[in-house]
Amino acid sequence: MAPAPLPALPENVARDLRQFTIEVPSWGYGNSGTRFKVFGTPGTPRDPFEKIADAAQTHAYTGAAPRVSLHYPWDKVEDFAALRSFAEEQGVRIGMINSNTFQDDEYKFGSLTHTDAAVRRRAIDHHLECLEVMRATGSHELKIWLADGTNYAGQDSIRRRQDHLAESLREIYAALHDGERMVLEYKFFEPAFYHTDVPDWGTSLLHCLALGEQAMVVLDTGHHAPGTNIEFIVAQLLRQNRLGAFDFNSRNYADDDLIVGSADPFQLFRILFEIVQQDAHRPASGVNFMLDQCHNLESKIQGQIRSVLNVQETLAKALLVDREALDDAQQRHDVLEAHGILMDAFWTDVRPALAALREEQGLPTDPFTAFRSSGYEEKVAAERVGGNQMGWGA
Ligand code: PSV
Ligand code: MN
């Protein structure tokens with residue numbers, strides 16, 4: 001018997017979904033783990049080119065992941081122009097360049113915030129080098145996350161470190177060209193356990209406001225205390241035009257970096273609903289939606305494809321909210337009707353309609369299963385023998 005026709009999405013929702021893209025992290029395709037164990041997997045990339053080839057699979061099957069973030073120096077290559085061309089041949093391009101001042105011995109007590117001007121100089125110069133990588137790869141965004149902080153009360157001066165941070169960021173910001181952006185990520189703890197120098201959106205925003213319009217906040221969904229209302233932060237940053245980028249992932253306990261939408265799909269829905277209410281899902285908003293995830297146990301490419309689909313499905317639900325009816329219920333203070341309108345959209349099964357949309361775009365209706373049965377993983381496992389598999393931090 002022929003399958004029943006798939007229900008279609010309203011045209012405005014379909015249009016927004018066709019245009020919506022997600023950036024993937026190069027490090028999501030390498031091995032990762034915990035401080036207890038990093039498991040290897042056959043076929044794991046051995047250099048940044050192989051990471052990009054794998055990332056291109058995510059795009060080929062979903063049609064929604066056309067950019068790959070690099071982490072520098074994890075993804076250092078001799079010829080960045082060649083890496084750029086390789087990415088383009090694979091059908092993707094280079095996205096944000098993530099700086100890294102958290103793995104050198106010199107940064108044990110801080111980088112841009114360090115008491116020693118020579119260490120700060122080194123950290124600033126690293127960021128200037130990242131700007132060169134950006135320009136060589138066709139990227140426009142420098143992403144900064146700092147591991148800076150202290151472990152014990154009294155260990156260092158919180159105030160002095162903020163002053164150093166402001167001064168260091170000013171120098172990096174001054175080196176930006178027109179059309180380039182600096183995005184500053186926050187995280188409330190880890191690796192520092194007492195205080196972190198950019199712990200929250202307020203601190204990030206204050207630095208960005210002091211720097212200028214090319215500085216924006218990055219919100220990583222895993223970087224908040226349990227119970228934090230992340231959608232409120234999203235609404236507030238959008239209201240200030242300072243939400244530059246998202247690092248999507250899921251957490252149960254700390255910065256777990258699990259697949260987005262896996263631990264709490266309803267939270268993802270609430271976040272995306274704030275996004276769509278301010279049209280920030282549209283490319284014109286300039287918000288860069290990115291995955292910042294590690295796949296410790298599951299297949300990496302499959303994990304990335306699953307993540308892209310989770311975001312698409314949840315975005316579709318957020319776009320289906322009857323906003324006129326919601327506004328009306330809100331104005332009448334009909335609390336349960338308003339809540340019910342939101343929940344109706346959340347519980348809608350959008351998967352058949354998304355499959356139809358993909359078919360129309362010439363994509364596999366079920367990208368996850370199509371990739372699993374493509375033979376790519378078996379092929380790279382057979383080909384990629386010898387050399388060192390890349391890992392988080394390699
Ligand atoms: C820090 O936990 C972080 O979220 C930053 O974005 C880093 O660059 C990234 O993780 C590395 O996985
Ligand atoms: Mn992050």
# chains A, B, ... in the order shown; residues from 1 in each chain; ligands from 1
call {"tool": "residues_near_ligand", "arguments": {"ligand": "ligand 2", "cutoff": "8 Å", "atoms": "only C-alpha atoms and all ligand atoms", "output": "ChimeraX atom specification"}}
result
/A:145,185,219-220,222-223,247-248,292
call {"tool": "residues_near_ligand", "arguments": {"ligand": "ligand 1", "cutoff": "10 Å", "atoms": "only C-alpha atoms and all ligand atoms", "output": "ChimeraX atom specification"}}
result
/A:25-28,32,70-72,97-102,143-147,184-191,218-223,246-249,254-257,291-294,392-393
call {"tool": "write_last_selection", "arguments": {"atoms": "N, CA and C atoms", "output": "compact mmCIF listing (two decimals), in the first residue's frame"}}
result
# COMPACT_ATOMS: atom_id res chain seq x y z
N PRO A 25 31.28 22.05 14.95
CA PRO A 25 32.64 22.22 15.48
C PRO A 25 33.61 21.18 14.92
N SER A 26 34.77 21.59 14.48
CA SER A 26 35.76 20.61 13.97
C SER A 26 36.06 19.58 15.06
N TRP A 27 36.09 20.03 16.33
CA TRP A 27 36.48 19.13 17.43
C TRP A 27 35.41 18.07 17.73
N GLY A 28 34.21 18.29 17.24
CA GLY A 28 33.14 17.30 17.43
C GLY A 28 33.41 16.02 16.64
N SER A 32 36.99 12.36 21.92
CA SER A 32 36.89 13.15 23.15
C SER A 32 36.48 12.21 24.26
N LEU A 70 36.63 26.31 13.48
CA LEU A 70 37.96 25.76 13.78
C LEU A 70 38.38 26.19 15.18
N HIS A 71 39.22 25.40 15.80
CA HIS A 71 39.81 25.74 17.10
C HIS A 71 41.31 25.87 16.86
N TYR A 72 41.89 27.01 17.28
CA TYR A 72 43.30 27.24 16.97
C TYR A 72 44.10 27.32 18.26
N ILE A 97 36.58 31.20 14.18
CA ILE A 97 37.89 30.74 14.65
C ILE A 97 37.90 30.88 16.17
N ASN A 98 38.00 29.75 16.86
CA ASN A 98 38.02 29.73 18.33
C ASN A 98 39.45 29.84 18.82
N SER A 99 39.72 30.84 19.62
CA SER A 99 41.07 30.97 20.18
C SER A 99 41.24 29.95 21.30
N ASN A 100 42.48 29.69 21.67
CA ASN A 100 42.72 28.70 22.72
C ASN A 100 43.90 29.16 23.57
N THR A 101 43.59 29.64 24.76
CA THR A 101 44.66 30.01 25.70
C THR A 101 44.51 29.20 26.98
N PHE A 102 44.11 27.94 26.79
CA PHE A 102 43.89 27.14 28.00
C PHE A 102 44.71 25.86 28.06
N LYS A 143 36.13 33.83 18.02
CA LYS A 143 35.38 33.44 19.22
C LYS A 143 36.34 33.23 20.38
N ILE A 144 36.02 33.90 21.49
CA ILE A 144 36.90 33.83 22.65
C ILE A 144 36.19 33.17 23.82
N TRP A 145 36.78 32.10 24.30
CA TRP A 145 36.37 31.55 25.60
C TRP A 145 37.63 31.41 26.43
N LEU A 146 37.58 31.92 27.64
CA LEU A 146 38.76 31.91 28.51
C LEU A 146 38.55 30.95 29.67
N ALA A 147 39.60 30.20 29.95
CA ALA A 147 39.55 29.29 31.12
C ALA A 147 39.99 30.05 32.37
N LEU A 184 32.28 36.79 22.61
CA LEU A 184 32.88 36.45 23.91
C LEU A 184 31.95 35.52 24.69
N GLU A 185 32.47 34.34 24.95
CA GLU A 185 31.68 33.30 25.62
C GLU A 185 31.88 33.36 27.14
N TYR A 186 30.86 33.00 27.89
CA TYR A 186 30.97 32.97 29.35
C TYR A 186 30.74 31.55 29.86
N LYS A 187 31.21 31.32 31.08
CA LYS A 187 31.03 29.99 31.69
C LYS A 187 31.22 30.14 33.18
N PHE A 188 30.30 29.62 33.96
CA PHE A 188 30.32 29.98 35.38
C PHE A 188 31.36 29.22 36.20
N PHE A 189 31.81 28.07 35.76
CA PHE A 189 32.92 27.39 36.44
C PHE A 189 33.54 26.37 35.48
N GLU A 190 34.67 25.85 35.87
CA GLU A 190 35.42 24.83 35.16
C GLU A 190 36.19 25.40 33.97
N PRO A 191 37.51 25.32 33.97
CA PRO A 191 38.32 24.58 34.94
C PRO A 191 38.53 25.30 36.28
N VAL A 218 28.45 35.25 23.43
CA VAL A 218 28.14 33.87 23.03
C VAL A 218 27.47 33.17 24.20
N LEU A 219 26.37 32.52 23.90
CA LEU A 219 25.66 31.76 24.93
C LEU A 219 25.85 30.27 24.67
N ASP A 220 26.56 29.61 25.58
CA ASP A 220 26.70 28.15 25.51
C ASP A 220 25.69 27.57 26.48
N THR A 221 24.78 26.74 25.96
CA THR A 221 23.68 26.28 26.82
C THR A 221 24.17 25.49 28.04
N GLY A 222 25.37 24.92 27.96
CA GLY A 222 25.89 24.14 29.09
C GLY A 222 26.58 24.95 30.17
N HIS A 223 26.63 26.26 30.00
CA HIS A 223 27.45 27.07 30.90
C HIS A 223 26.67 27.85 31.96
N PHE A 246 25.50 31.08 19.43
CA PHE A 246 25.06 30.04 20.35
C PHE A 246 26.03 28.89 20.29
N ASP A 247 26.36 28.31 21.42
CA ASP A 247 27.00 26.99 21.46
C ASP A 247 25.92 26.06 21.99
N PHE A 248 25.33 25.27 21.09
CA PHE A 248 24.28 24.35 21.53
C PHE A 248 24.88 23.04 22.03
N ASN A 249 24.31 22.52 23.06
CA ASN A 249 24.61 21.18 23.58
C ASN A 249 23.60 20.91 24.69
N ALA A 254 26.88 19.16 34.59
CA ALA A 254 27.80 20.31 34.46
C ALA A 254 27.86 20.67 32.99
N ASP A 255 29.07 20.82 32.45
CA ASP A 255 29.19 21.17 31.03
C ASP A 255 29.32 19.86 30.25
N ASP A 256 28.22 19.08 30.22
CA ASP A 256 28.31 17.70 29.73
C ASP A 256 28.57 17.57 28.22
N ASP A 257 28.25 18.63 27.47
CA ASP A 257 28.47 18.62 26.01
C ASP A 257 27.77 17.46 25.30
N LEU A 291 26.95 24.21 17.08
CA LEU A 291 26.99 23.10 18.04
C LEU A 291 28.35 23.15 18.72
N ASP A 292 28.39 22.99 20.03
CA ASP A 292 29.67 22.80 20.72
C ASP A 292 29.52 21.51 21.52
N GLN A 293 29.83 20.43 20.86
CA GLN A 293 29.55 19.13 21.47
C GLN A 293 30.72 18.18 21.28
N CYS A 294 30.75 17.18 22.13
CA CYS A 294 31.73 16.12 22.01
C CYS A 294 30.96 14.81 22.02
N TRP A 392 40.16 15.87 21.28
CA TRP A 392 39.90 17.16 21.91
C TRP A 392 41.24 17.59 22.51
N GLY A 393 41.76 18.68 22.02
CA GLY A 393 43.05 19.13 22.55
C GLY A 393 44.21 18.73 21.70
call {"tool": "residues_around", "arguments": {"residues": "range 364-378 of chain A", "least_positions_apart": "4", "cutoff": "12 Å", "atoms": "only C-alpha atoms", "output": "JSON, numbers by chain"}}
result
{"A": [6, 41, 42, 43, 44, 45, 53, 54, 56, 57, 58, 59, 60, 61, 62, 63, 64, 299, 300, 301, 302, 303, 304, 305, 306, 307, 308, 309, 310, 351, 352, 353, 354, 355, 356, 357, 358, 359, 360, 382, 383, 384]}
call {"tool": "residues_around", "arguments": {"residues": "range 388-390 of chain A", "least_positions_apart": "5", "cutoff": "8 Å", "atoms": "only C-alpha atoms", "output": "ChimeraX atom specification"}}
result
/A:30-31,40,44-47
call {"tool": "write_last_selection", "arguments": {"atoms": "all heavy atoms", "output": "CSV table (one decimal), in the first residue's frame"}}
result
chain,number,residue,atom,x,y,z
A,30,GLY,N,36.6,14.8,16.3
A,30,GLY,CA,37.7,14.1,16.9
A,30,GLY,C,37.3,13.3,18.1
A,30,GLY,O,36.2,13.3,18.5
A,31,ASN,N,38.3,12.5,18.6
A,31,ASN,CA,38.0,11.8,19.8
A,31,ASN,C,37.9,12.7,21.0
A,31,ASN,O,38.5,13.7,21.1
A,31,ASN,CB,39.1,10.8,20.1
A,31,ASN,CG,39.2,9.6,19.1
A,31,ASN,OD1,38.1,9.2,18.7
A,31,ASN,ND2,40.3,9.1,18.8
A,40,GLY,N,39.1,5.7,21.6
A,40,GLY,CA,39.3,5.9,20.1
A,40,GLY,C,38.2,5.2,19.4
A,40,GLY,O,37.5,4.4,19.9
A,44,THR,N,38.5,7.7,13.0
A,44,THR,CA,38.5,9.1,13.5
A,44,THR,C,39.5,9.9,12.7
A,44,THR,O,40.6,9.4,12.4
A,44,THR,CB,38.9,9.1,15.0
A,44,THR,OG1,37.8,8.5,15.7
A,44,THR,CG2,39.1,10.5,15.6
A,45,PRO,N,39.2,11.2,12.4
A,45,PRO,CA,40.1,12.0,11.6
A,45,PRO,C,41.5,12.1,12.2
A,45,PRO,O,41.7,12.2,13.5
A,45,PRO,CB,39.5,13.4,11.6
A,45,PRO,CG,38.0,13.1,11.7
A,45,PRO,CD,37.9,11.8,12.6
A,46,ARG,N,42.5,12.2,11.4
A,46,ARG,CA,43.9,12.3,11.9
A,46,ARG,C,44.5,13.7,11.6
A,46,ARG,O,45.6,14.0,12.0
A,46,ARG,CB,44.8,11.2,11.2
A,46,ARG,CG,44.3,9.8,11.6
A,46,ARG,CD,44.8,8.8,10.7
A,46,ARG,NE,44.3,9.1,9.3
A,46,ARG,CZ,44.8,8.5,8.2
A,46,ARG,NH1,45.7,7.6,8.3
A,46,ARG,NH2,44.3,8.8,7.0
A,47,ASP,N,43.7,14.5,10.9
A,47,ASP,CA,44.2,15.9,10.7
A,47,ASP,C,42.9,16.8,10.4
A,47,ASP,O,41.8,16.2,10.2
A,47,ASP,CB,45.2,16.0,9.5
A,47,ASP,CG,44.6,15.4,8.2
A,47,ASP,OD1,43.4,15.8,7.9
A,47,ASP,OD2,45.3,14.7,7.5
call {"tool": "residues_around", "arguments": {"residues": "Gln162 in chain A", "least_positions_apart": "3", "cutoff": "7 Å", "atoms": "only C-alpha atoms", "output": "mmCIF file with all heavy atoms, in the first residue's frame"}}
result
data_model
loop_
_atom_site.group_PDB
_atom_site.id
_atom_site.type_symbol
_atom_site.label_atom_id
_atom_site.label_comp_id
_atom_site.auth_asym_id
_atom_site.auth_seq_id
_atom_site.Cartn_x
_atom_site.Cartn_y
_atom_site.Cartn_z
ATOM 1 N N THR A 113 43.979 37.790 31.486
ATOM 2 C CA THR A 113 43.807 38.402 32.816
ATOM 3 C C THR A 113 45.054 38.260 33.687
ATOM 4 O O THR A 113 45.047 38.671 34.845
ATOM 5 C CB THR A 113 42.671 37.682 33.577
ATOM 6 O OG1 THR A 113 43.083 36.320 33.804
ATOM 7 C CG2 THR A 113 41.373 37.682 32.805
ATOM 8 N N ILE A 158 40.173 39.794 42.061
ATOM 9 C CA ILE A 158 39.109 39.710 41.053
ATOM 10 C C ILE A 158 39.065 41.008 40.246
ATOM 11 O O ILE A 158 39.001 41.005 39.010
ATOM 12 C CB ILE A 158 37.747 39.436 41.742
ATOM 13 C CG1 ILE A 158 37.721 38.010 42.309
ATOM 14 C CG2 ILE A 158 36.592 39.658 40.772
ATOM 15 C CD1 ILE A 158 36.481 37.662 43.125
ATOM 16 N N ARG A 159 39.139 42.127 40.939
ATOM 17 C CA ARG A 159 39.047 43.437 40.291
ATOM 18 C C ARG A 159 40.222 43.678 39.328
ATOM 19 O O ARG A 159 40.035 44.106 38.189
ATOM 20 C CB ARG A 159 38.981 44.522 41.376
ATOM 21 C CG ARG A 159 39.195 45.947 40.898
ATOM 22 C CD ARG A 159 38.080 46.376 39.939
ATOM 23 N NE ARG A 159 38.498 47.508 39.141
ATOM 24 C CZ ARG A 159 38.142 48.766 39.368
ATOM 25 N NH1 ARG A 159 37.348 49.053 40.365
ATOM 26 N NH2 ARG A 159 38.567 49.737 38.603
ATOM 27 N N LEU A 165 41.642 42.192 31.853
ATOM 28 C CA LEU A 165 40.815 41.605 30.790
ATOM 29 C C LEU A 165 40.318 42.698 29.844
ATOM 30 O O LEU A 165 40.412 42.573 28.613
ATOM 31 C CB LEU A 165 39.639 40.847 31.422
ATOM 32 C CG LEU A 165 38.615 40.263 30.451
ATOM 33 C CD1 LEU A 165 39.266 39.249 29.513
ATOM 34 C CD2 LEU A 165 37.471 39.594 31.216
ATOM 35 N N ALA A 166 39.796 43.773 30.438
ATOM 36 C CA ALA A 166 39.250 44.865 29.627
ATOM 37 C C ALA A 166 40.333 45.439 28.708
ATOM 38 O O ALA A 166 40.103 45.670 27.513
ATOM 39 C CB ALA A 166 38.683 45.952 30.537
ATOM 40 N N ASP A 197 36.716 34.409 35.257
ATOM 41 C CA ASP A 197 36.789 35.841 34.929
ATOM 42 C C ASP A 197 35.672 36.314 34.000
ATOM 43 O O ASP A 197 35.333 37.495 34.005
ATOM 44 C CB ASP A 197 38.178 36.172 34.363
ATOM 45 C CG ASP A 197 39.244 36.063 35.459
ATOM 46 O OD1 ASP A 197 39.097 36.757 36.487
ATOM 47 O OD2 ASP A 197 40.184 35.256 35.319
#
call {"tool": "atom_distance", "arguments": {"atom1": "CA of Glu78 in chain A", "atom2": "CA of Tyr173 in chain A"}}
result
25.8 Å
call {"tool": "closest_residue", "arguments": {"among": "A:Arg122, A:Val311, A:Arg323, A:Glu88", "to": "His339 in chain A", "atoms": "only C-alpha atoms"}}
result
A:Arg323
call {"tool": "closest_residue", "arguments": {"among": "A:Gln278, A:Asp200, A:Met343, A:Arg181", "to": "Thr228 in chain A", "atoms": "only C-alpha atoms"}}
result
A:Asp200
call {"tool": "select_by_dssp", "arguments": {"residues": "range 194-268 of chain A", "states": "helix (DSSP H, G or I)", "output": "list in words"}}
result
Trp201, Gly202, Thr203, Ser204, Leu205, Leu206, His207, Cys208, Leu209, Ala210, Leu211, Ile230, Glu231, Phe232, Ile233, Val234, Ala235, Gln236, Leu237, Leu238, Arg239, Pro265, Phe266, Gln267 and Leu268 of chain A
